[in-house]
Amino acid sequence: SIKADEAVEILEPLVTELGGRLTDEEAGAANYNLACAYSRLRQFDKAGDPLTRAVNDYGVKYSVVMKDEDLEAYRMSVEFDDVANGLKGGIRSDEQYAKLRVEAKTPFRTFRLFALGGLDAGAGLGLLIILSRLASAIKGGPGAPELEETLKNLAINGTAVAVLTYFFVKDLKSGKEKLKEVEVEETLGRLQVDLGANRVVPMSRLRAQYRPVILQGDEAFLKKCIKSASSLKKDLKSKGILLIPLQDSKGLSFKRTEGLGESKGFDAAGSKLSPDGIEEEQRWVVQPRGTPEWFRWLEVQKEASQALQYSESAYVQVQLDGTVRSMGPGQPDWKELLSLPDKESFQSKVTG
């Protein structure tokens, strides 16, 4: 079979120089195969343009992109997240995806806002009419409405406007808070971890497979955390727990040692990846990549939490769906994490 580098040599001039002479079917195949070749060579910065042309201009299905084994390495990269936003059939933007996740978390919110807004507008219009009737009642004269009845209607409509406005504003504010939460989670999803064997992936690729626990502190703290967790390692792994240690001394990542009970790490010499990918890999401690971005994300969390603002160490536990379940100073209660449902259970698939 043709090698990836040879495919690039053949397809690059075909796409760039002869693209106008190709039929749509030939152009789609050439661009798509060029993207696949770049993926196999791990030249992810070059794969986006031909893949976008293949999908958006020449009709290659988004579902094909998501299943093709040649594109697996590219799909696992952070570069793919940006390109996927613009592909036909995919999520069009991070903002749109965030809004969809907010809607999923708060179903019928749009309907409630529409209903409350309509009722509030109707009550407000009624209030204006009653105010004009009140003016006529105070002025008196033939045909003037009764003052007592008008005041009663004014109180009813005023109360209705106040209550409906309160719930409308509350729902609107709640939606903004949920959107902010989702944006924080999506930023976390773009942070990268090293799975070993040259597999660096964004956190979003771990969803539905792992419940990461991010640990931040000095080396002594991280050793203590991993030692405590390792006594429950088998049970915690059945819950999908994955440890991500961040050493805050000079912004360096914590490195595992044999002294932590990890004498045969998955990234040790001779370790092999399962052919079915990360779904079948049983990991325990993985390394963060791009630690400045990790610390910036953690700083935002600390600023928003009084409990974390003055703590030198902290943890963040993430659910299967990428939402933040809990955070706090020091290390988590490992025994409490055992109360989580097994990651393969129906409850986990529903609640994360």
# chains A, B, ... in the order shown; residues from 1 in each chain; ligands from 1
$ residues_around --residues "Leu154 in chain A" --least-positions-apart "3" --cutoff "12 Å" --atoms "only C-alpha atoms" --output "list in words"
Ala123, Gly124, Leu125, Gly126, Leu127, Leu128, Ile129, Ile130, Leu131, Ser132, Arg133, Leu134, Ala135, Leu147, Glu148, Glu149, Thr150, Leu151, Asn157, Gly158, Thr159, Ala160 and Val161 of chain A
$ residues_around --residues "Pro202 in chain A" --least-positions-apart "5" --cutoff "7 Å" --atoms "only C-alpha atoms" --output "list in words"
Ser77, Val78, Gly189, Arg190, Leu191, Gln192 and Val193 of chain A
$ closest_residue --among "A:Gly240, A:Gly196, A:Pro142, A:Gly117" --to "Ala208 in chain A" --atoms "only C-alpha atoms"
A:Gly240
$ closest_residue --among "A:Asp57, A:Glu79, A:Asp321, A:Asp171" --to "Ser39 in chain A" --atoms "only C-alpha atoms"
A:Glu79
$ residues_around --residues "Gln247 in chain A" --least-positions-apart "6" --cutoff "10 Å" --atoms "only C-alpha atoms" --output "PyMOL selection string"
chain A and resi 215-222+253-255+288+291+295+313
$ write_last_selection --atoms "C-alpha atoms" --output "compact mmCIF listing (two decimals), in the first residue's frame"
# COMPACT_ATOMS: atom_id res chain seq x y z
CA LEU A 215 -4.43 17.61 41.77
CA GLN A 216 -2.47 20.84 42.21
CA GLY A 217 0.28 21.41 44.74
CA ASP A 218 3.94 20.82 45.47
CA GLU A 219 5.72 17.49 44.99
CA ALA A 220 5.20 16.35 48.58
CA PHE A 221 1.46 17.00 48.33
CA LEU A 222 1.16 15.15 45.03
CA SER A 253 4.53 18.87 35.80
CA PHE A 254 4.76 16.20 38.46
CA LYS A 255 6.71 13.13 37.33
CA PRO A 288 -0.68 17.45 31.73
CA THR A 291 1.06 23.55 32.05
CA PHE A 295 -2.56 26.92 35.76
CA SER A 313 -3.11 22.95 47.15
$ closest_residue --among "A:Lys67, A:Thr16, A:Ala314, A:Gln301" --to "Lys180 in chain A" --atoms "only C-alpha atoms"
A:Gln301
$ atom_distance --atom1 "CA of Ser231 in chain A" --atom2 "CA of Trp334 in chain A"
9.6 Å
$ atom_distance --atom1 "CA of Asp70 in chain A" --atom2 "CA of Glu9 in chain A"
17.3 Å
$ atom_distance --atom1 "CA of Leu206 in chain A" --atom2 "CA of Phe80 in chain A"
15.0 Å
$ residues_around --residues "Thr23 in chain A" --least-positions-apart "5" --cutoff "10 Å" --atoms "only C-alpha atoms" --output "list in words"
Gly28, Ala29 and Tyr58 of chain A
$ select_by_dssp --residues "range 199-235 of chain A" --states "alpha helix (DSSP H)" --output "ChimeraX atom specification"
/A:219-230,233-235
$ closest_residue --among "A:Met203, A:Leu242, A:Leu71, A:Ala229" --to "Arg40 in chain A" --atoms "only C-alpha atoms"
A:Leu71
$ closest_residue --among "A:Val169, A:Leu236, A:Val83, A:Ala30" --to "Lys343 in chain A" --atoms "only C-alpha atoms"
A:Leu236
$ closest_residue --among "A:Lys223, A:Lys237, A:Lys61, A:Arg75" --to "Arg205 in chain A" --atoms "only C-alpha atoms"
A:Arg75
$ residues_around --residues "Leu14 in chain A" --least-positions-apart "3" --cutoff "12 Å" --atoms "only C-alpha atoms" --output "ChimeraX atom specification"
/A:7-11,17-22,26-31,33-34,50
$ write_last_selection --atoms "C-alpha atoms" --output "CSV table (one decimal), in the first residue's frame"
chain,number,residue,atom,x,y,z
A,7,ALA,CA,0.5,10.1,-0.9
A,8,VAL,CA,1.3,13.7,0.1
A,9,GLU,CA,3.8,14.1,-2.7
A,10,ILE,CA,1.2,12.9,-5.2
A,11,LEU,CA,-1.9,14.6,-3.8
A,17,GLU,CA,-2.4,22.8,-9.4
A,18,LEU,CA,-5.0,20.6,-11.0
A,19,GLY,CA,-7.9,21.2,-8.7
A,20,GLY,CA,-9.9,23.1,-11.3
A,21,ARG,CA,-9.7,20.3,-13.8
A,22,LEU,CA,-11.0,17.6,-11.5
A,26,GLU,CA,-12.3,13.5,-7.8
A,27,ALA,CA,-11.6,16.7,-6.0
A,28,GLY,CA,-13.4,15.5,-2.9
A,29,ALA,CA,-11.4,12.2,-2.9
A,30,ALA,CA,-8.1,14.0,-3.4
A,31,ASN,CA,-8.7,16.5,-0.6
A,33,ASN,CA,-7.1,11.5,1.1
A,34,LEU,CA,-4.6,14.3,1.5
A,50,PRO,CA,-8.1,19.9,2.7
$ residues_around --residues "Gly89 in chain A" --least-positions-apart "4" --cutoff "10 Å" --atoms "only C-alpha atoms" --output "list in words"
Val55, Asn56, Lys61, Tyr62, Ser63, Ala84 and Asn85 of chain A
